[in-house]
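See structure below.
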Amino acid sequence: MQIGILTGGGDCPGLNAAIRATAKSLMLNCNAKIIGIEDGFAGLIEQRVRPLSYSDCSGILSLGGTILGTSNKADPFNYRGADHSAKVVSYYHSLGLDAVVVIGGDGTLSIAYELSKLGMNIVGVPKTIDNDLMCTDRTFGFDTAVSIVTEALDRLRTTGQSHKRVMILETMGRYAGWIALHAGVAGGADVILLPEFPYDMDEVAKACKLRASDQQYSIIVVAEGAMPQGGQATVRETLGCAPDPIRLGGIGNTLKLQLEQRLDAEVRATALGHIQRGGTPTAFDRIFASSVGQEAASLIAAKQFGRVVVMNNNQLSNVMLEQVANQTRMVPADDTSLNTALSLGISIGVPALTRISEMV
Ligand SMILES: Nc1ncnc2c1ncn2[C@@H]1O[C@H](COP(=O)(O)OP(=O)(O)O)[C@@H](O)[C@H]1O
Ligand SMILES: O=P(O)(O)OC[C@H]1O[C@](O)(COP(=O)(O)O)[C@@H](O)[C@@H]1O
Ligand SMILES: [Mg+2]
């Protein structure tokens, strides 16, 4: 049996743990040969692959990034203005691959679904710091990102407290607020602004004034996709050559300027950016990535193709690729962590009455 592995989309901590688990499990249990596909779908389009030996997959458990490389721009259906999908499928056959394990997020798995319809045997493994994939409670990379943001909040707290300032921290997450919400709760934020609930500037200012009257400083966590009521998400840049060209970012600074006009306090904004994605995975993400990796190997062994490994209520299972393709999992109004935040008096920038009506 000959199996390809690729990692697609933005890198995240735990990718190497997943590659290691998938490859070792296939080698040990199925005597499979593993072909590493370089730089996500770019490797299939540009025909760049290399064999992965058992030792290539050893010693990488704790390593951040991906030994295979990745791309969040290489879409075989729209690559530099042309459709390369037929060429990708014939390359897959010419390599003698029995299947490809595609480790990716919503975008990568949407592409995987389209390729599976063209006859490629694919098993998907979910990854992304954003945690925005449908049908799974978690994606690996998320826990590490939340830990990094939480540590940053702990650091912002002591400097914010010393200067009696409003400290804003902007997180990643695209159009979903999972990182901001979880890190905001873990870091004891006073205000958490999410893309799912457009905020009212007056409410944000009111929450800061309330904090100024007791603790004299405030901590705001804002997701990069957050937007004011009636407004739009802030775009950092629009890439020239990608089918999905929008990169969000900059809302932290905009919020700082707007808040300074409404408050007496000084306001400072920090954006963690790619620091949230780099470096070593947490123990949780190492175990999680290893579990989903070996489960993908089991699906391959059982010839269960066109499926994605998922984890719900701590149980591994799988769903069809089409169930996760072309969708984004947002924070729902009845989310447990959101309710925790609200119960603790953390503002989400909307008036209490709106909040209650949204939640019933
Ligand atoms: N809904 C979609 N359908 C098809 N391709 C998509 C979709 N969304 C994103 N893509 C493409 O998928 C690739 C990876 O997407 P990205 O969102 O960056 O990573 P991830 O796989 O982590 O979600 C990019 O080439 C992007 O253009
Ligand atoms: O690395 P880039 O191209 O700037 O992309 C940044 C985006 O990638 C992410 O870090 C991860 O997103 P994906 O998992 O969908 O790739 C987002 O949180 C962020 O908006
Ligand atoms: Mg994505």
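If you're wondering about the labels, chains in the structure tokens are A, B, ... by order shown, residues count from 1 in each chain, ligands from 1 in order shown.
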Just want the residues within 7 Å of ligand 1, written as a PDB file with C-alpha atoms, in the first residue's frame, counting only C-alpha atoms and all ligand atoms.
```pdb
ATOM      1  CA  GLY A   8      -2.588  22.395   3.692  1.00  0.00           C
ATOM      2  CA  GLY A   9      -3.721  25.838   4.833  1.00  0.00           C
ATOM      3  CA  GLY A  10      -2.042  27.867   7.564  1.00  0.00           C
ATOM      4  CA  ASN A  72      -2.781  28.563   1.981  1.00  0.00           C
ATOM      5  CA  LYS A  73      -2.931  29.727  -1.635  1.00  0.00           C
ATOM      6  CA  ALA A  74      -2.514  26.548  -3.706  1.00  0.00           C
ATOM      7  CA  ASP A  75      -5.975  25.534  -4.918  1.00  0.00           C
ATOM      8  CA  GLY A 104      -6.114  20.750   6.758  1.00  0.00           C
ATOM      9  CA  GLY A 105      -8.832  23.155   7.775  1.00  0.00           C
ATOM     10  CA  ASP A 106     -12.081  24.220   6.125  1.00  0.00           C
ATOM     11  CA  GLY A 107     -10.425  25.511   2.936  1.00  0.00           C
ATOM     12  CA  THR A 108      -8.112  22.527   2.434  1.00  0.00           C
ATOM     13  CA  LEU A 109     -10.854  20.000   3.165  1.00  0.00           C
ATOM     14  CA  SER A 110     -13.211  21.809   0.755  1.00  0.00           C
ATOM     15  CA  ILE A 111     -10.598  21.258  -1.964  1.00  0.00           C
ATOM     16  CA  LYS A 127      -6.269  21.061  11.895  1.00  0.00           C
ATOM     17  CA  THR A 128      -6.394  24.816  12.507  1.00  0.00           C
ATOM     18  CA  ALA A 242      -5.050  33.623  -3.976  1.00  0.00           C
ATOM     19  CA  PRO A 243      -8.582  32.351  -4.622  1.00  0.00           C
ATOM     20  CA  ASP A 244      -9.378  33.362  -1.025  1.00  0.00           C
ATOM     21  CA  ALA A 325     -16.694  21.337   3.091  1.00  0.00           C
ATOM     22  CA  ASN A 326     -17.570  24.970   2.362  1.00  0.00           C
ATOM     23  CA  GLN A 327     -18.700  25.756   5.901  1.00  0.00           C
TER      24      GLN A 327
END
```
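Near stretch 248-258 of chain A, within 6 Å and counting only C-alpha atoms, sit Glu170, Glu224, Thr234, Val235, Arg236, Val267 and Ala269 of chain A, not including residues fewer than 5 positions from it in the same chain.
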_Using only C-alpha atoms: which of A:Leu95, A:Ala186, A:Val102, A:Ile346 has the shortest distance to A:Pro126_ = A:Val102
*atom CA of A:Gly173 and atom CA of A:Asp202, how far apart in Å?*
24.6 Å
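Comparing A:Ala333, A:Leu28, A:Ala145, A:Ile192 by their smallest distance to ligand 2, the closest is A:Ala145 (using only C-alpha atoms and all ligand atoms).
The neighbours of A:Trp178 here are the residues that come within 8 Å of it, using only C-alpha atoms and leaving out any residue fewer than 3 positions away in the same chain; they are Asp130, Asn131, Asp132, Gly173, Leu181, His182, Met330 and Val331 of chain A.
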_Give me the residues near A:Ser343 as a PyMOL selection string, where near means some atom within 12 Å (using only C-alpha atoms) and where sequence neighbours in that chain fewer than 4 positions away do not count._
chain A and resi 185+336-339+347-348+352+355-356
Take the residues from that selection and write them out as an mmCIF file, in the first residue's frame, keeping N, CA and C atoms.
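Below is the file result03.cif, written as the result:
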```cif
data_model
loop_
_atom_site.group_PDB
_atom_site.id
_atom_site.type_symbol
_atom_site.label_atom_id
_atom_site.label_comp_id
_atom_site.auth_asym_id
_atom_site.auth_seq_id
_atom_site.Cartn_x
_atom_site.Cartn_y
_atom_site.Cartn_z
ATOM 1 N N VAL A 185 -11.625 34.145 28.348
ATOM 2 C CA VAL A 185 -12.097 33.551 29.608
ATOM 3 C C VAL A 185 -10.896 33.096 30.445
ATOM 4 N N THR A 336 -21.118 27.241 25.668
ATOM 5 C CA THR A 336 -20.810 27.129 27.104
ATOM 6 C C THR A 336 -19.824 28.199 27.575
ATOM 7 N N SER A 337 -18.753 28.384 26.814
ATOM 8 C CA SER A 337 -17.748 29.373 27.250
ATOM 9 C C SER A 337 -18.296 30.788 27.153
ATOM 10 N N LEU A 338 -19.160 31.021 26.157
ATOM 11 C CA LEU A 338 -19.777 32.349 26.041
ATOM 12 C C LEU A 338 -20.661 32.607 27.259
ATOM 13 N N ASN A 339 -21.418 31.606 27.629
ATOM 14 C CA ASN A 339 -22.272 31.755 28.816
ATOM 15 C C ASN A 339 -21.442 31.968 30.079
ATOM 16 N N SER A 347 -18.033 41.720 29.339
ATOM 17 C CA SER A 347 -18.859 42.348 28.301
ATOM 18 C C SER A 347 -18.499 41.771 26.937
ATOM 19 N N ILE A 348 -19.498 41.562 26.098
ATOM 20 C CA ILE A 348 -19.198 41.190 24.701
ATOM 21 C C ILE A 348 -19.577 42.353 23.774
ATOM 22 N N ALA A 352 -27.185 44.356 27.412
ATOM 23 C CA ALA A 352 -27.706 43.152 28.063
ATOM 24 C C ALA A 352 -29.013 42.677 27.437
ATOM 25 N N ARG A 355 -28.456 40.876 24.284
ATOM 26 C CA ARG A 355 -27.836 39.589 24.582
ATOM 27 C C ARG A 355 -28.875 38.554 24.942
ATOM 28 N N ILE A 356 -29.764 38.944 25.840
ATOM 29 C CA ILE A 356 -30.763 37.989 26.309
ATOM 30 C C ILE A 356 -31.672 37.578 25.153
#
```
*Shell of 10 Å around A:Pro51, only C-alpha atoms, local chain residues under 5 positions omitted, as an MDAnalysis selection string*: chainID A and resid 3:4 33:37 56
*Skipping near chain neighbours, those fewer than 5 positions away, what residues fall within 12 Å of A:Leu210 using only C-alpha atoms, listed as a ChimeraX atom specification?*
/A:166,190-191,203-205,215-218,263,345-347
_Which of stretch 221-329 of chain A fall in strand (DSSP E or B), as a list in words_ = Val221, Val222, Ala223, Pro228, Val235, Arg236, Glu237, Thr238, Ile246, Arg247, Leu248, Val267, Arg268, Ala269, Thr270, Ala271, Arg307, Val308, Val309, Val310, Met311, Asn312, Gln315, Leu316, Ser317, Asn318, Val319 and Met320 of chain A
_Atomic distance atom CA of A:Lys209 - atom CA of A:Leu272, expressed in Å with one decimal_ = 25.3 Å
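Comparing the minimum interatomic distances between A:Ser62 and each of A:Ala283, A:Ala226, A:Ala233, A:Met311, counting only C-alpha atoms, we find that A:Ala283 sits nearest.
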*Taking the DSSP assignment computed from this structure's backbone, write out as a ChimeraX atom specification all residues of stretch 226-322 of chain A that belong to helix (DSSP H, G or I).*
/A:251-262,273-276,283-301,321-322
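Using only C-alpha atoms, the shortest contact distance between A:Asn121 and any of A:Tyr92, A:Gly273, A:Thr159, A:Ala152 is found at A:Tyr92.
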*asked:* Could you list, as a count of residues only, every residue within 9 Å of A:Pro228, counting only C-alpha atoms and ignoring same-chain residues fewer than 3 positions away?
replied: 8
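The nearest approach to ligand 2 among the residues A:Arg329, A:His274, A:Arg50, A:Arg307, with only C-alpha atoms and all ligand atoms taken into account, belongs to A:His274.
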